[in-house]
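What follows is a set of notes on a single structure, which appears directly below.
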Amino acid sequence: MSGVRIEAVAIDGPASSGKSTLAREVARRLGFIFLDTGSLYRAAALALLSAGAVRMAEDDPEVVRILSSLDISVRPDPSGARVLIGGLDVTDHLRSEEVGSLASRISAWPIVRKTLFDLQRKLALEGRIVMDGRDIGTVILPEARLKIFLVADPEIRALRRQKDLEARGDRRSLETILADILDRDRRDRERLLSPLVPAPDALHLDTSRLTIDEAVTWIVDHYR
Ligand code: DC
């Protein structure tokens, strides 16, 4: 792609491909800000759950009202960005399966993507940022100097996810986790708006058999 390049790294990939772990460490090594954009979709889901929206449907007037007045903001922090709803820090409430599952559903809704686009675009254009998500290289920041598309075998992603959940005291069978990962993959790839596809100029990185350090070094070396 020709034109202006922005000093930023866009990391896209499917659920549990290691995006946030790698993005956080790449940002630390480059001295950039790190933003996991999935946390914004999770914040929108949390806002709906907290408001007690009963019928989680895109055309429900209550849902439209909550989403139209959504006030999500981001505060940079060395450990990653903190996410605020109406000025209240909700970062520590975004990782549950309930929030993640609703986030996956509502991320296909145009009203949600439109609401979150401006916030992401503004942060992206400031540069010196590593953003991870599904559509960073294609929609949010096609001008990023480096775009990475991560892949990893579904079984390996399921094992990693099981370990993460176990560390938080949540024990689940590998079959359940794998089924959920495949379901999210399908939803991410098949949605009409901003589906999960690599940007034409993205570099593909398969993390299945790489350590975190190997993958981070590969990305940082390509950036430099
Ligand atoms: O990466 P994650 O699981 O925290 O993301 C939560 C949901 O948000 C995920 O199911 C897909 C969606 N998402 C998206 O559609 N676009 C992004 N840039 C980031 C996340």
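We name chains A, B, ... following the order of the structure tokens; residues begin at 1 in each chain, and ligands are numbered from 1 as shown.
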
Using only C-alpha atoms, determine which residues lie at most 6 Å from A:Ile177, disregarding the query and same-chain residues fewer than 3 positions distant; provide the list as an NGL selection string. :A and (158 or 174 or 180)

Could you go through stretch 23-90 of chain A and tell me which residues DSSP, when run on the backbone, assigns to helix (DSSP H, G or I), listing them as a list in words? Ala23, Arg24, Glu25, Val26, Ala27, Arg28, Arg29, Leu30, Gly38, Ser39, Leu40, Tyr41, Arg42, Ala43, Ala44, Ala45, Leu46, Ala47, Leu48, Leu49, Ser50, Pro61, Glu62, Val63, Val64, Arg65, Ile66, Leu67 and Ser68 of chain A

The selected residues should be written to file as a short mmCIF file (atom, residue, chain, number, x, y, z; two decimals), in the first residue's frame (atoms: N, CA, C and O atoms).
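What ended up in part.cif:
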```
data_model
loop_
_atom_site.label_atom_id
_atom_site.label_comp_id
_atom_site.auth_asym_id
_atom_site.auth_seq_id
_atom_site.Cartn_x
_atom_site.Cartn_y
_atom_site.Cartn_z
N ALA A 23 0.90 -8.71 21.83
CA ALA A 23 0.79 -7.26 21.61
C ALA A 23 1.33 -6.49 22.81
O ALA A 23 2.04 -5.50 22.67
N ARG A 24 0.99 -6.98 24.03
CA ARG A 24 1.44 -6.29 25.24
C ARG A 24 2.98 -6.26 25.29
O ARG A 24 3.59 -5.22 25.56
N GLU A 25 3.60 -7.40 24.99
CA GLU A 25 5.06 -7.50 25.09
C GLU A 25 5.75 -6.75 23.95
O GLU A 25 6.79 -6.11 24.16
N VAL A 26 5.15 -6.79 22.75
CA VAL A 26 5.71 -6.03 21.63
C VAL A 26 5.68 -4.54 21.98
O VAL A 26 6.66 -3.81 21.78
N ALA A 27 4.57 -4.08 22.55
CA ALA A 27 4.43 -2.67 22.93
C ALA A 27 5.49 -2.29 23.97
O ALA A 27 6.11 -1.24 23.89
N ARG A 28 5.69 -3.19 24.92
CA ARG A 28 6.68 -2.91 25.98
C ARG A 28 8.07 -2.75 25.36
O ARG A 28 8.79 -1.80 25.66
N ARG A 29 8.42 -3.66 24.44
CA ARG A 29 9.77 -3.60 23.85
C ARG A 29 9.94 -2.38 22.96
O ARG A 29 11.04 -1.83 22.85
N LEU A 30 8.86 -1.95 22.29
CA LEU A 30 8.98 -0.79 21.40
C LEU A 30 8.76 0.53 22.13
O LEU A 30 8.96 1.60 21.56
N GLY A 38 -10.49 -5.93 21.71
CA GLY A 38 -11.56 -6.83 22.16
C GLY A 38 -12.17 -6.32 23.46
O GLY A 38 -13.36 -6.51 23.72
N SER A 39 -11.35 -5.62 24.28
CA SER A 39 -11.86 -5.13 25.57
C SER A 39 -12.95 -4.07 25.36
O SER A 39 -13.82 -3.89 26.21
N LEU A 40 -12.94 -3.38 24.22
CA LEU A 40 -13.97 -2.37 23.96
C LEU A 40 -15.31 -3.04 23.64
O LEU A 40 -16.36 -2.59 24.08
N TYR A 41 -15.24 -4.14 22.84
CA TYR A 41 -16.46 -4.90 22.54
C TYR A 41 -16.99 -5.54 23.82
O TYR A 41 -18.20 -5.63 24.04
N ARG A 42 -16.05 -5.98 24.66
CA ARG A 42 -16.46 -6.56 25.94
C ARG A 42 -17.10 -5.49 26.83
O ARG A 42 -18.06 -5.77 27.56
N ALA A 43 -16.58 -4.26 26.78
CA ALA A 43 -17.16 -3.18 27.59
C ALA A 43 -18.59 -2.87 27.12
O ALA A 43 -19.49 -2.66 27.94
N ALA A 44 -18.80 -2.89 25.81
CA ALA A 44 -20.16 -2.65 25.29
C ALA A 44 -21.09 -3.76 25.78
O ALA A 44 -22.23 -3.50 26.19
N ALA A 45 -20.59 -5.01 25.79
CA ALA A 45 -21.40 -6.14 26.28
C ALA A 45 -21.70 -5.97 27.77
O ALA A 45 -22.83 -6.17 28.22
N LEU A 46 -20.68 -5.56 28.52
CA LEU A 46 -20.86 -5.38 29.96
C LEU A 46 -21.90 -4.29 30.24
O LEU A 46 -22.72 -4.42 31.15
N ALA A 47 -21.87 -3.22 29.44
CA ALA A 47 -22.83 -2.13 29.63
C ALA A 47 -24.26 -2.65 29.44
O ALA A 47 -25.16 -2.30 30.21
N LEU A 48 -24.44 -3.51 28.45
CA LEU A 48 -25.78 -4.08 28.21
C LEU A 48 -26.20 -5.00 29.35
O LEU A 48 -27.34 -4.94 29.83
N LEU A 49 -25.25 -5.83 29.81
CA LEU A 49 -25.57 -6.75 30.91
C LEU A 49 -25.88 -5.97 32.18
O LEU A 49 -26.85 -6.26 32.88
N SER A 50 -25.07 -4.94 32.47
CA SER A 50 -25.26 -4.17 33.72
C SER A 50 -26.57 -3.40 33.70
O SER A 50 -27.18 -3.19 34.74
N PRO A 61 -35.47 -1.48 21.32
CA PRO A 61 -35.31 -0.05 21.63
C PRO A 61 -34.43 0.20 22.85
O PRO A 61 -33.64 1.15 22.87
N GLU A 62 -34.54 -0.67 23.86
CA GLU A 62 -33.73 -0.50 25.08
C GLU A 62 -32.24 -0.69 24.76
O GLU A 62 -31.38 0.06 25.20
N VAL A 63 -31.96 -1.71 23.94
CA VAL A 63 -30.58 -1.99 23.54
C VAL A 63 -30.02 -0.82 22.71
O VAL A 63 -28.91 -0.34 22.94
N VAL A 64 -30.83 -0.32 21.79
CA VAL A 64 -30.40 0.80 20.95
C VAL A 64 -30.14 2.03 21.82
O VAL A 64 -29.14 2.73 21.64
N ARG A 65 -31.01 2.24 22.81
CA ARG A 65 -30.86 3.41 23.70
C ARG A 65 -29.53 3.31 24.47
O ARG A 65 -28.75 4.26 24.52
N ILE A 66 -29.26 2.13 25.03
CA ILE A 66 -28.03 1.96 25.82
C ILE A 66 -26.79 2.15 24.93
O ILE A 66 -25.85 2.86 25.28
N LEU A 67 -26.82 1.54 23.74
CA LEU A 67 -25.65 1.62 22.86
C LEU A 67 -25.44 3.03 22.32
O LEU A 67 -24.31 3.47 22.14
N SER A 68 -26.54 3.75 22.07
CA SER A 68 -26.40 5.11 21.51
C SER A 68 -25.80 6.07 22.53
O SER A 68 -25.20 7.08 22.16
#
```

Contact check, chain A to ligand 1, at most 7 Å, counting only C-alpha atoms and all ligand atoms, closest pairs as a tab-separated table:
```
residue	atom	partner	partner_atom_place_in_ligand_line	distance
A:Ala15	CA	ligand 1	3 (O)	5.4
A:Thr37	CA	ligand 1	19 (C)	4.8
A:Gly38	CA	ligand 1	5 (O)	3.5
A:Ser39	CA	ligand 1	4 (O)	5.4
A:Tyr41	CA	ligand 1	8 (O)	4.8
A:Arg42	CA	ligand 1	6 (C)	5.7
A:Gly100	CA	ligand 1	6 (C)	5.5
A:Ser101	CA	ligand 1	10 (O)	6.7
A:Ala103	CA	ligand 1	7 (C)	4.7
A:Ser104	CA	ligand 1	10 (O)	3.2
A:Arg105	CA	ligand 1	10 (O)	6.9
A:Ser107	CA	ligand 1	15 (O)	4.7
A:Ala108	CA	ligand 1	15 (O)	6.8
A:Asp132	CA	ligand 1	18 (N)	6.7
A:Gly133	CA	ligand 1	18 (N)	3.6
A:Arg134	CA	ligand 1	18 (N)	4.1
A:Asp135	CA	ligand 1	18 (N)	4.9
A:Ile136	CA	ligand 1	18 (N)	5.9
A:Arg184	CA	ligand 1	10 (O)	6.1
A:Asp188	CA	ligand 1	11 (C)	6.2
```

Of A:Ala152, A:Val130, A:Leu203, A:Leu119, the one nearest to A:Glu7 when counting only C-alpha atoms is A:Val130

Determine which residues of stretch 5-143 of chain A DSSP labels as strand (DSSP E or B) from the backbone of this structure, then write them out as a ChimeraX atom specification. /A:6-12,33-36,72-75,82-85,88-89,129-133

Take the residues just selected and output them with C-alpha atoms as a PDB file, in the first residue's frame.
```
ATOM      1  CA  ILE A   6       1.680   5.351  10.848  1.00  0.00           C
ATOM      2  CA  GLU A   7       4.177   4.181  13.444  1.00  0.00           C
ATOM      3  CA  ALA A   8       1.991   1.418  14.777  1.00  0.00           C
ATOM      4  CA  VAL A   9       1.626  -2.351  14.829  1.00  0.00           C
ATOM      5  CA  ALA A  10      -1.721  -3.969  13.975  1.00  0.00           C
ATOM      6  CA  ILE A  11      -2.126  -7.526  15.234  1.00  0.00           C
ATOM      7  CA  ASP A  12      -5.217  -9.433  14.115  1.00  0.00           C
ATOM      8  CA  ILE A  33       0.980   2.024  24.088  1.00  0.00           C
ATOM      9  CA  PHE A  34      -0.941  -1.255  23.930  1.00  0.00           C
ATOM     10  CA  LEU A  35      -4.666  -1.551  23.263  1.00  0.00           C
ATOM     11  CA  ASP A  36      -6.574  -4.828  23.191  1.00  0.00           C
ATOM     12  CA  ILE A  72     -16.518   4.201  26.633  1.00  0.00           C
ATOM     13  CA  SER A  73     -13.068   5.699  27.064  1.00  0.00           C
ATOM     14  CA  VAL A  74      -9.548   4.391  27.408  1.00  0.00           C
ATOM     15  CA  ARG A  75      -6.743   5.381  29.758  1.00  0.00           C
ATOM     16  CA  ARG A  82      -7.680   0.657  31.221  1.00  0.00           C
ATOM     17  CA  VAL A  83     -11.245   0.739  29.903  1.00  0.00           C
ATOM     18  CA  LEU A  84     -13.840   3.047  31.409  1.00  0.00           C
ATOM     19  CA  ILE A  85     -17.608   3.212  31.048  1.00  0.00           C
ATOM     20  CA  LEU A  88     -15.732   4.184  35.810  1.00  0.00           C
ATOM     21  CA  ASP A  89     -12.834   1.727  35.409  1.00  0.00           C
ATOM     22  CA  ILE A 129       0.582   2.071  19.537  1.00  0.00           C
ATOM     23  CA  VAL A 130       0.202  -1.696  19.229  1.00  0.00           C
ATOM     24  CA  MET A 131      -3.455  -2.623  18.705  1.00  0.00           C
ATOM     25  CA  ASP A 132      -4.822  -6.127  18.597  1.00  0.00           C
ATOM     26  CA  GLY A 133      -8.219  -7.267  17.365  1.00  0.00           C
TER      27      GLY A 133
END
```

What's the separation between atom CA of A:Glu143 and atom CA of A:Ala124, in Å to one decimal place?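 For atom CA of A:Glu143 relative to atom CA of A:Ala124, the distance reads 9.4 Å.
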
Need to verify the contact set: A:Glu155, 12 Å, only C-alpha atoms, exclusion of same-chain residues closer than 3 positions in sequence. Can you return it as a list in words?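 So the residues in contact are Ala15, Ser16, Ser17, Val151, Ala152, Ala158, Leu159, Arg160, Arg161, Gln162, Leu174, Glu175, Thr176, Ile177, Leu178, Ala179, Asp180, Ile181, Leu182 and Ser208 of chain A.
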
Those same residues, written as a PDB file, in the first residue's frame with N, CA and C atoms?
```pdb
ATOM      1  N   ALA A  15      -9.757 -15.900  18.043  1.00  0.00           N
ATOM      2  CA  ALA A  15      -9.793 -16.007  19.505  1.00  0.00           C
ATOM      3  C   ALA A  15      -8.681 -16.919  20.011  1.00  0.00           C
ATOM      4  N   SER A  16      -8.060 -16.524  21.103  1.00  0.00           N
ATOM      5  CA  SER A  16      -7.015 -17.317  21.768  1.00  0.00           C
ATOM      6  C   SER A  16      -5.824 -17.655  20.887  1.00  0.00           C
ATOM      7  N   SER A  17      -5.509 -16.770  19.941  1.00  0.00           N
ATOM      8  CA  SER A  17      -4.315 -17.018  19.125  1.00  0.00           C
ATOM      9  C   SER A  17      -3.090 -16.367  19.774  1.00  0.00           C
ATOM     10  N   VAL A 151      -2.063 -16.871  13.314  1.00  0.00           N
ATOM     11  CA  VAL A 151      -2.847 -18.100  13.227  1.00  0.00           C
ATOM     12  C   VAL A 151      -2.253 -19.101  14.222  1.00  0.00           C
ATOM     13  N   ALA A 152      -3.071 -20.065  14.628  1.00  0.00           N
ATOM     14  CA  ALA A 152      -2.608 -21.156  15.491  1.00  0.00           C
ATOM     15  C   ALA A 152      -3.650 -22.255  15.405  1.00  0.00           C
ATOM     16  N   ALA A 158      -7.224 -24.029  22.072  1.00  0.00           N
ATOM     17  CA  ALA A 158      -8.118 -24.524  23.121  1.00  0.00           C
ATOM     18  C   ALA A 158      -7.314 -24.892  24.379  1.00  0.00           C
ATOM     19  N   LEU A 159      -6.152 -25.517  24.181  1.00  0.00           N
ATOM     20  CA  LEU A 159      -5.309 -25.882  25.329  1.00  0.00           C
ATOM     21  C   LEU A 159      -4.832 -24.635  26.090  1.00  0.00           C
ATOM     22  N   ARG A 160      -4.436 -23.605  25.321  1.00  0.00           N
ATOM     23  CA  ARG A 160      -3.965 -22.365  25.956  1.00  0.00           C
ATOM     24  C   ARG A 160      -5.100 -21.727  26.758  1.00  0.00           C
ATOM     25  N   ARG A 161      -6.287 -21.738  26.139  1.00  0.00           N
ATOM     26  CA  ARG A 161      -7.438 -21.114  26.785  1.00  0.00           C
ATOM     27  C   ARG A 161      -7.803 -21.874  28.059  1.00  0.00           C
ATOM     28  N   GLN A 162      -7.698 -23.221  27.995  1.00  0.00           N
ATOM     29  CA  GLN A 162      -8.013 -24.032  29.170  1.00  0.00           C
ATOM     30  C   GLN A 162      -7.066 -23.679  30.324  1.00  0.00           C
ATOM     31  N   LEU A 174     -11.848 -29.772  27.516  1.00  0.00           N
ATOM     32  CA  LEU A 174     -11.218 -29.303  26.279  1.00  0.00           C
ATOM     33  C   LEU A 174     -12.235 -29.275  25.133  1.00  0.00           C
ATOM     34  N   GLU A 175     -13.148 -30.245  25.137  1.00  0.00           N
ATOM     35  CA  GLU A 175     -14.166 -30.318  24.063  1.00  0.00           C
ATOM     36  C   GLU A 175     -15.049 -29.065  24.076  1.00  0.00           C
ATOM     37  N   THR A 176     -15.475 -28.643  25.282  1.00  0.00           N
ATOM     38  CA  THR A 176     -16.349 -27.469  25.398  1.00  0.00           C
ATOM     39  C   THR A 176     -15.610 -26.233  24.891  1.00  0.00           C
ATOM     40  N   ILE A 177     -14.348 -26.101  25.295  1.00  0.00           N
ATOM     41  CA  ILE A 177     -13.578 -24.917  24.919  1.00  0.00           C
ATOM     42  C   ILE A 177     -13.332 -24.903  23.413  1.00  0.00           C
ATOM     43  N   LEU A 178     -12.982 -26.079  22.862  1.00  0.00           N
ATOM     44  CA  LEU A 178     -12.720 -26.158  21.423  1.00  0.00           C
ATOM     45  C   LEU A 178     -13.981 -25.804  20.625  1.00  0.00           C
ATOM     46  N   ALA A 179     -15.125 -26.308  21.081  1.00  0.00           N
ATOM     47  CA  ALA A 179     -16.385 -26.025  20.372  1.00  0.00           C
ATOM     48  C   ALA A 179     -16.659 -24.524  20.394  1.00  0.00           C
ATOM     49  N   ASP A 180     -16.393 -23.888  21.529  1.00  0.00           N
ATOM     50  CA  ASP A 180     -16.630 -22.440  21.652  1.00  0.00           C
ATOM     51  C   ASP A 180     -15.684 -21.651  20.739  1.00  0.00           C
ATOM     52  N   ILE A 181     -14.427 -22.095  20.684  1.00  0.00           N
ATOM     53  CA  ILE A 181     -13.441 -21.414  19.835  1.00  0.00           C
ATOM     54  C   ILE A 181     -13.835 -21.522  18.359  1.00  0.00           C
ATOM     55  N   LEU A 182     -14.271 -22.711  17.949  1.00  0.00           N
ATOM     56  CA  LEU A 182     -14.656 -22.901  16.546  1.00  0.00           C
ATOM     57  C   LEU A 182     -15.904 -22.079  16.209  1.00  0.00           C
ATOM     58  N   SER A 208       1.580 -21.634  16.622  1.00  0.00           N
ATOM     59  CA  SER A 208       1.319 -22.964  17.218  1.00  0.00           C
ATOM     60  C   SER A 208       2.548 -23.552  17.909  1.00  0.00           C
TER      61      SER A 208
END
```

All residues 9 Å or closer to A:Thr138, only C-alpha atoms, same chain fewer than 4 positions away omitted, as a list in words: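 Near A:Thr138, the qualifying residues are Arg134, Pro142, Ser194, Leu196, Val197, Pro198, Ala199 and Pro200 of chain A.
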
Dump N, CA and C atoms for the selected residues as a PDB file, in the first residue's frame?
```pdb
ATOM      1  N   ARG A 134      -9.552  -7.844  15.452  1.00  0.00           N
ATOM      2  CA  ARG A 134      -9.928  -8.667  14.300  1.00  0.00           C
ATOM      3  C   ARG A 134      -9.834  -7.882  12.994  1.00  0.00           C
ATOM      4  N   PRO A 142      -5.448   0.743   8.487  1.00  0.00           N
ATOM      5  CA  PRO A 142      -4.770   0.133   7.324  1.00  0.00           C
ATOM      6  C   PRO A 142      -3.403   0.779   7.077  1.00  0.00           C
ATOM      7  N   SER A 194     -16.751  -5.919   8.695  1.00  0.00           N
ATOM      8  CA  SER A 194     -15.415  -6.132   9.253  1.00  0.00           C
ATOM      9  C   SER A 194     -15.143  -7.579   9.661  1.00  0.00           C
ATOM     10  N   LEU A 196     -13.205 -11.192  10.067  1.00  0.00           N
ATOM     11  CA  LEU A 196     -11.800 -11.490  10.338  1.00  0.00           C
ATOM     12  C   LEU A 196     -11.145 -12.014   9.062  1.00  0.00           C
ATOM     13  N   VAL A 197     -10.427 -11.139   8.381  1.00  0.00           N
ATOM     14  CA  VAL A 197      -9.658 -11.539   7.188  1.00  0.00           C
ATOM     15  C   VAL A 197      -8.313 -10.813   7.252  1.00  0.00           C
ATOM     16  N   PRO A 198      -7.256 -11.434   6.719  1.00  0.00           N
ATOM     17  CA  PRO A 198      -5.972 -10.735   6.744  1.00  0.00           C
ATOM     18  C   PRO A 198      -5.970  -9.554   5.771  1.00  0.00           C
ATOM     19  N   ALA A 199      -5.304  -8.471   6.147  1.00  0.00           N
ATOM     20  CA  ALA A 199      -5.089  -7.372   5.197  1.00  0.00           C
ATOM     21  C   ALA A 199      -4.179  -7.914   4.097  1.00  0.00           C
ATOM     22  N   PRO A 200      -4.310  -7.408   2.871  1.00  0.00           N
ATOM     23  CA  PRO A 200      -3.498  -7.943   1.766  1.00  0.00           C
ATOM     24  C   PRO A 200      -1.998  -7.871   2.054  1.00  0.00           C
TER      25      PRO A 200
END
```

Please provide the set of residues having any atom within 10 Å of A:Arg121, restricted to only C-alpha atoms, with same-chain residues fewer than 6 positions apart removed, written as a PyMOL selection string. chain A and resi 136+139-141

Atom CA of A:Leu150 to atom CA of A:Leu205, straight-line distance in Å: 4.9 Å

Between A:Thr21, A:Arg191, A:Ser96, A:Tyr223, single out the one closest to A:Ala144, counting only C-alpha atoms.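 Closest to A:Ala144 of all the choices is A:Tyr223.
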
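Atom pair atom CA of A:Thr91 / atom CA of A:Phe149: separated by 25.3 Å.
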
Best match for closeness to A:Arg209 among A:Pro14, A:Arg172, A:Arg157, A:Pro195, counting only C-alpha atoms: A:Arg157
